[in-house]
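structure-v3.cif follows (mmCIF, C-alpha atoms):
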```cif
data_target
#
loop_
_atom_site.group_PDB
_atom_site.id
_atom_site.type_symbol
_atom_site.label_atom_id
_atom_site.label_comp_id
_atom_site.auth_asym_id
_atom_site.auth_seq_id
_atom_site.Cartn_x
_atom_site.Cartn_y
_atom_site.Cartn_z
ATOM 1 C CA MET C 1 -34.391 -46.410 -11.080
ATOM 2 C CA ASP C 2 -32.275 -49.571 -11.402
ATOM 3 C CA LYS C 3 -29.846 -47.754 -13.677
ATOM 4 C CA ILE C 4 -29.564 -44.859 -11.238
ATOM 5 C CA MET C 5 -28.765 -47.243 -8.382
ATOM 6 C CA GLU C 6 -26.177 -48.913 -10.602
ATOM 7 C CA PHE C 7 -24.410 -45.623 -11.394
ATOM 8 C CA LEU C 8 -24.785 -43.974 -7.982
ATOM 9 C CA PRO C 9 -21.899 -45.682 -6.077
ATOM 10 C CA PHE C 10 -19.414 -44.676 -8.795
ATOM 11 C CA MET C 11 -20.793 -41.152 -8.912
ATOM 12 C CA LEU C 12 -20.522 -40.815 -5.132
ATOM 13 C CA GLU C 13 -16.897 -41.926 -5.300
ATOM 14 C CA GLY C 14 -16.210 -39.216 -7.854
ATOM 15 C CA THR C 15 -18.145 -36.704 -5.740
ATOM 16 C CA VAL C 16 -15.714 -37.209 -2.856
ATOM 17 C CA LEU C 17 -12.802 -36.321 -5.156
ATOM 18 C CA THR C 18 -14.650 -33.244 -6.446
ATOM 19 C CA VAL C 19 -15.356 -32.017 -2.911
ATOM 20 C CA GLU C 20 -11.735 -32.680 -1.937
ATOM 21 C CA LEU C 21 -10.482 -30.530 -4.820
ATOM 22 C CA PHE C 22 -13.003 -27.791 -3.983
ATOM 23 C CA VAL C 23 -12.120 -27.643 -0.280
ATOM 24 C CA LEU C 24 -8.349 -27.677 -0.810
ATOM 25 C CA THR C 25 -8.558 -24.946 -3.452
ATOM 26 C CA LEU C 26 -10.724 -22.799 -1.205
ATOM 27 C CA ILE C 27 -8.702 -23.078 2.006
ATOM 28 C CA LEU C 28 -5.433 -22.359 0.162
ATOM 29 C CA SER C 29 -6.503 -19.666 -2.323
ATOM 30 C CA LEU C 30 -8.646 -17.542 0.024
ATOM 31 C CA PRO C 31 -5.764 -16.607 2.358
ATOM 32 C CA LEU C 32 -3.213 -16.477 -0.490
ATOM 33 C CA GLY C 33 -5.213 -13.757 -2.218
ATOM 34 C CA LEU C 34 -4.727 -11.322 0.691
ATOM 35 C CA PRO C 35 -0.911 -10.893 0.506
ATOM 36 C CA ILE C 36 -1.183 -10.644 -3.277
ATOM 37 C CA ALA C 37 -3.775 -7.870 -2.900
ATOM 38 C CA LEU C 38 -1.588 -6.063 -0.365
ATOM 39 C CA GLY C 39 1.427 -6.515 -2.649
ATOM 40 C CA SER C 40 -0.483 -4.975 -5.566
ATOM 41 C CA ASN C 41 -1.129 -1.881 -3.426
ATOM 42 C CA SER C 42 2.418 -1.768 -2.091
ATOM 43 C CA ARG C 43 4.552 1.340 -2.523
ATOM 44 C CA ILE C 44 7.459 -0.954 -3.414
ATOM 45 C CA LYS C 45 7.131 -0.779 -7.199
ATOM 46 C CA PRO C 46 8.839 -4.099 -8.134
ATOM 47 C CA LEU C 47 6.610 -5.970 -5.659
ATOM 48 C CA SER C 48 3.516 -4.137 -6.858
ATOM 49 C CA TRP C 49 4.252 -4.863 -10.524
ATOM 50 C CA LEU C 50 5.091 -8.510 -9.790
ATOM 51 C CA CYS C 51 1.746 -9.034 -8.046
ATOM 52 C CA LYS C 52 -0.143 -7.202 -10.789
ATOM 53 C CA ILE C 53 1.524 -9.233 -13.547
ATOM 54 C CA TYR C 54 0.655 -12.439 -11.677
ATOM 55 C CA VAL C 55 -2.997 -11.347 -11.445
ATOM 56 C CA TRP C 56 -3.102 -10.270 -15.105
ATOM 57 C CA ILE C 57 -1.731 -13.621 -16.287
ATOM 58 C CA PHE C 58 -4.006 -15.844 -14.207
ATOM 59 C CA ARG C 59 -7.134 -13.750 -14.751
ATOM 60 C CA GLY C 60 -6.368 -13.124 -18.412
ATOM 61 C CA THR C 61 -5.921 -16.736 -19.551
ATOM 62 C CA PRO C 62 -8.428 -19.624 -19.385
ATOM 63 C CA LEU C 63 -8.221 -22.018 -16.456
ATOM 64 C CA LEU C 64 -8.251 -24.930 -18.909
ATOM 65 C CA LEU C 65 -5.151 -23.549 -20.653
ATOM 66 C CA GLN C 66 -3.424 -23.161 -17.281
ATOM 67 C CA LEU C 67 -4.236 -26.782 -16.437
ATOM 68 C CA PHE C 68 -2.613 -27.951 -19.683
ATOM 69 C CA PHE C 69 0.385 -25.678 -19.105
ATOM 70 C CA PHE C 70 1.207 -27.014 -15.637
ATOM 71 C CA TYR C 71 0.303 -30.586 -16.579
ATOM 72 C CA PHE C 72 2.869 -30.602 -19.415
ATOM 73 C CA PHE C 73 5.329 -27.952 -18.162
ATOM 74 C CA PHE C 74 6.789 -29.816 -15.186
ATOM 75 C CA PRO C 75 7.505 -33.177 -16.911
ATOM 76 C CA LEU C 76 8.463 -31.850 -20.367
ATOM 77 C CA VAL C 77 10.328 -28.629 -19.557
ATOM 78 C CA LEU C 78 11.624 -29.164 -16.011
ATOM 79 C CA ASN C 79 11.770 -32.980 -16.251
ATOM 80 C CA ILE C 80 9.869 -33.243 -12.949
ATOM 81 C CA GLN C 81 7.173 -35.903 -12.649
ATOM 82 C CA MET C 82 4.278 -34.323 -10.785
ATOM 83 C CA ASN C 83 1.319 -36.076 -9.206
ATOM 84 C CA VAL C 84 -1.833 -35.226 -11.201
ATOM 85 C CA PHE C 85 -3.785 -34.246 -8.095
ATOM 86 C CA PHE C 86 -0.991 -31.942 -6.900
ATOM 87 C CA THR C 87 -0.773 -30.322 -10.346
ATOM 88 C CA VAL C 88 -4.530 -29.768 -10.443
ATOM 89 C CA VAL C 89 -4.658 -28.271 -6.924
ATOM 90 C CA LEU C 90 -1.660 -26.028 -7.641
ATOM 91 C CA THR C 91 -3.282 -24.695 -10.824
ATOM 92 C CA TYR C 92 -6.640 -24.042 -9.168
ATOM 93 C CA VAL C 93 -5.080 -22.368 -6.130
ATOM 94 C CA LEU C 94 -2.945 -20.029 -8.255
ATOM 95 C CA ASN C 95 -5.894 -19.201 -10.504
ATOM 96 C CA TYR C 96 -8.420 -18.484 -7.775
ATOM 97 C CA ALA C 97 -5.921 -16.625 -5.580
ATOM 98 C CA ALA C 98 -5.604 -14.100 -8.426
ATOM 99 C CA TYR C 99 -9.371 -13.563 -8.528
ATOM 100 C CA PHE C 100 -9.656 -13.303 -4.755
ATOM 101 C CA ALA C 101 -6.719 -10.858 -4.693
ATOM 102 C CA GLU C 102 -8.559 -8.481 -7.020
ATOM 103 C CA ILE C 103 -11.732 -8.774 -4.950
ATOM 104 C CA TYR C 104 -9.798 -8.016 -1.756
ATOM 105 C CA ARG C 105 -7.950 -5.131 -3.398
ATOM 106 C CA SER C 106 -11.177 -3.481 -4.513
ATOM 107 C CA GLY C 107 -12.594 -3.960 -1.011
ATOM 108 C CA ILE C 108 -9.546 -2.389 0.638
ATOM 109 C CA GLU C 109 -9.606 0.566 -1.749
ATOM 110 C CA SER C 110 -13.294 1.190 -0.972
ATOM 111 C CA ILE C 111 -12.502 2.067 2.665
ATOM 112 C CA PRO C 112 -12.559 5.897 3.055
ATOM 113 C CA VAL C 113 -9.218 7.585 3.753
ATOM 114 C CA GLY C 114 -10.814 9.294 6.749
ATOM 115 C CA GLN C 115 -10.918 5.997 8.626
ATOM 116 C CA TYR C 116 -7.155 5.600 8.308
ATOM 117 C CA GLU C 117 -6.662 9.166 9.529
ATOM 118 C CA ALA C 118 -9.013 8.648 12.483
ATOM 119 C CA ALA C 119 -7.176 5.447 13.450
ATOM 120 C CA GLN C 120 -3.867 7.305 13.333
ATOM 121 C CA LEU C 121 -5.247 10.016 15.635
ATOM 122 C CA LEU C 122 -6.392 7.318 18.061
ATOM 123 C CA GLY C 123 -2.854 5.939 18.216
ATOM 124 C CA TYR C 124 -3.278 2.816 16.093
ATOM 125 C CA ASN C 125 -0.273 1.652 14.092
ATOM 126 C CA LYS C 126 -0.631 0.394 10.495
ATOM 127 C CA SER C 127 -1.110 -3.281 11.356
ATOM 128 C CA GLN C 128 -3.664 -2.496 14.081
ATOM 129 C CA THR C 129 -5.546 -0.196 11.709
ATOM 130 C CA PHE C 130 -5.674 -2.888 9.047
ATOM 131 C CA PHE C 131 -6.672 -5.857 11.211
ATOM 132 C CA LYS C 132 -9.016 -4.071 13.656
ATOM 133 C CA ILE C 133 -10.667 -1.454 11.442
ATOM 134 C CA VAL C 134 -10.128 -2.129 7.739
ATOM 135 C CA LEU C 135 -10.237 -5.938 7.448
ATOM 136 C CA PRO C 136 -13.601 -6.488 9.236
ATOM 137 C CA GLN C 137 -15.239 -3.984 6.870
ATOM 138 C CA VAL C 138 -13.518 -5.480 3.825
ATOM 139 C CA VAL C 139 -14.837 -8.955 4.697
ATOM 140 C CA LYS C 140 -18.409 -7.635 4.713
ATOM 141 C CA ILE C 141 -17.917 -5.685 1.466
ATOM 142 C CA VAL C 142 -16.318 -8.524 -0.533
ATOM 143 C CA LEU C 143 -18.519 -11.390 0.680
ATOM 144 C CA PRO C 144 -20.995 -11.257 -2.272
ATOM 145 C CA SER C 145 -18.154 -11.235 -4.821
ATOM 146 C CA VAL C 146 -16.310 -14.025 -3.009
ATOM 147 C CA THR C 147 -19.530 -16.056 -2.960
ATOM 148 C CA ASN C 148 -19.831 -15.720 -6.745
ATOM 149 C CA GLU C 149 -16.258 -16.948 -7.203
ATOM 150 C CA VAL C 150 -16.814 -19.892 -4.849
ATOM 151 C CA ILE C 151 -19.902 -20.923 -6.833
ATOM 152 C CA THR C 152 -17.861 -20.660 -10.039
ATOM 153 C CA LEU C 153 -15.216 -22.881 -8.436
ATOM 154 C CA VAL C 154 -17.808 -25.616 -7.858
ATOM 155 C CA LYS C 155 -18.544 -25.699 -11.590
ATOM 156 C CA ASP C 156 -14.904 -25.273 -12.633
ATOM 157 C CA THR C 157 -13.953 -28.518 -10.891
ATOM 158 C CA SER C 158 -15.455 -30.291 -13.908
ATOM 159 C CA LEU C 159 -12.552 -29.072 -16.094
ATOM 160 C CA VAL C 160 -10.019 -31.429 -14.507
ATOM 161 C CA TYR C 161 -11.251 -34.376 -16.574
ATOM 162 C CA SER C 162 -9.189 -32.840 -19.407
ATOM 163 C CA VAL C 163 -5.930 -33.803 -17.638
ATOM 164 C CA SER C 164 -7.083 -37.318 -16.712
ATOM 165 C CA TYR C 165 -8.074 -36.541 -13.133
ATOM 166 C CA ILE C 166 -11.063 -38.779 -12.511
ATOM 167 C CA GLU C 167 -13.569 -36.832 -10.415
ATOM 168 C CA MET C 168 -17.348 -36.838 -10.516
ATOM 169 C CA PHE C 169 -17.869 -35.265 -13.949
ATOM 170 C CA ALA C 170 -15.170 -37.432 -15.546
ATOM 171 C CA LEU C 171 -16.846 -40.547 -14.136
ATOM 172 C CA ALA C 172 -20.225 -39.346 -15.410
ATOM 173 C CA LYS C 173 -18.709 -38.856 -18.876
ATOM 174 C CA GLN C 174 -17.144 -42.330 -18.864
ATOM 175 C CA ILE C 175 -20.319 -44.061 -17.634
ATOM 176 C CA ALA C 176 -22.487 -42.165 -20.125
ATOM 177 C CA ALA C 177 -20.206 -43.218 -22.995
ATOM 178 C CA ALA C 178 -20.056 -46.850 -21.862
ATOM 179 C CA GLN C 179 -23.802 -47.192 -21.221
ATOM 180 C CA THR C 180 -24.976 -44.798 -23.971
ATOM 181 C CA SER C 181 -27.135 -43.067 -21.399
ATOM 182 C CA VAL C 182 -27.618 -39.443 -20.351
ATOM 183 C CA ILE C 183 -28.619 -40.414 -16.801
ATOM 184 C CA PRO C 184 -25.062 -39.927 -15.412
ATOM 185 C CA PHE C 185 -25.077 -36.354 -16.756
ATOM 186 C CA VAL C 186 -28.452 -35.741 -15.109
ATOM 187 C CA ILE C 187 -27.067 -37.017 -11.790
ATOM 188 C CA ALA C 188 -24.005 -34.782 -12.239
ATOM 189 C CA GLY C 189 -26.248 -31.784 -12.937
ATOM 190 C CA VAL C 190 -28.275 -32.434 -9.791
ATOM 191 C CA PHE C 191 -25.066 -32.730 -7.775
ATOM 192 C CA TYR C 192 -23.717 -29.384 -9.011
ATOM 193 C CA TYR C 193 -27.053 -27.703 -8.338
ATOM 194 C CA ILE C 194 -27.248 -29.029 -4.752
ATOM 195 C CA PHE C 195 -23.569 -28.258 -4.116
ATOM 196 C CA ASN C 196 -23.996 -24.670 -5.306
ATOM 197 C CA PHE C 197 -27.191 -24.248 -3.277
ATOM 198 C CA VAL C 198 -25.380 -25.368 -0.111
ATOM 199 C CA VAL C 199 -22.385 -23.123 -0.828
ATOM 200 C CA ALA C 200 -24.602 -20.071 -1.443
ATOM 201 C CA TRP C 201 -26.573 -20.784 1.750
ATOM 202 C CA VAL C 202 -23.418 -21.162 3.847
ATOM 203 C CA MET C 203 -21.823 -18.018 2.426
#
```

Would it be possible to restate this file's structure as structure tokens?
Amino acid sequence: MDKIMEFLPFMLEGTVLTVELFVLTLILSLPLGLPIALGSNSRIKPLSWLCKIYVWIFRGTPLLLQLFFFYFFFPLVLNIQMNVFFTVVLTYVLNYAAYFAEIYRSGIESIPVGQYEAAQLLGYNKSQTFFKIVLPQVVKIVLPSVTNEVITLVKDTSLVYSVSYIEMFALAKQIAAAQTSVIPFVIAGVFYYIFNFVVAWVM
């Protein structure tokens, strides 16, 4: 118990950084996925292909590889010194926006064509049809898939230790190495479990 109380303040400090990364990624990537999904379905072929290529790249390569790419790309290739936190948030937002875009796109495509035709007969224009008829149904359809991605995001926050961003898992790893103890990893595991339970309940 004494060891747990010794580690806990440091772990809580790292937890704040983990939650900060999670919240920022979520509030930026969730809305960003919608225009990408709409762009993928666009009749403007260059826009459609651009959005699809973006999704293919970010869904087809590991998040860890993307973290390394952006972490080294800006300073080495563009000679721009980027803040580590900004680089991490940018990578996570771009990655998760691609996943959310595909979820939204599948939800939009699941709406029967008859509903669009009925809306047109009732005098709705395209934007009114989308926001008043299509979008509310899409939200309900995609919620389980979005919940799965949000839970994955909670666990994926642990990857940022690889680019020297010190969040909760990185602190647990450092403390465990310094104290030759597995207790910090146990605390980290409990944190992720509780965090995911709360996220699933809220969703």

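Here the PyMOL selection byres ((chain C and resi 162-170) around 6) catches exactly these residues: Met11, Gly14, Thr15, Leu17, Thr18, Ser158, Val160, Tyr161, Leu171, Ala172 and Lys173 of chain C.
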
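Using all atoms listed in the file, the smallest distance between any of C:Ile175, C:Ala200, C:Ile133, C:Val113 and Ser145 (chain C) comes from C:Ala200.
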
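What separates CA of Met203 (chain C) from CA of Phe191 (chain C) is a distance of 18.2 Å.
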
Result set, the PyMOL selection byres ((chain C and resi 84) around 8) on current file, as an MDAnalysis selection string: chainID C and resid 71 82:83 85:88 163:165

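Residues having any atom no farther than 10 Å from (-19.0, -25.5, -12.3) (counting all atoms listed in the file) are C:Val150, C:Ile151, C:Thr152, C:Leu153, C:Val154, C:Lys155, C:Asp156, C:Thr157, C:Ser158, C:Leu159, C:Phe169, C:Gly189, C:Tyr192, C:Tyr193, C:Phe195, C:Asn196.
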
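Of the listed residues C:Tyr124, C:Phe58, C:Trp49, C:Tyr99, the one whose atoms come nearest to Leu34 (chain C) is C:Tyr99, with distances taken using all atoms listed in the file.
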
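One finds CA of Val198 (chain C) at 13.5 Å from CA of Val23 (chain C).
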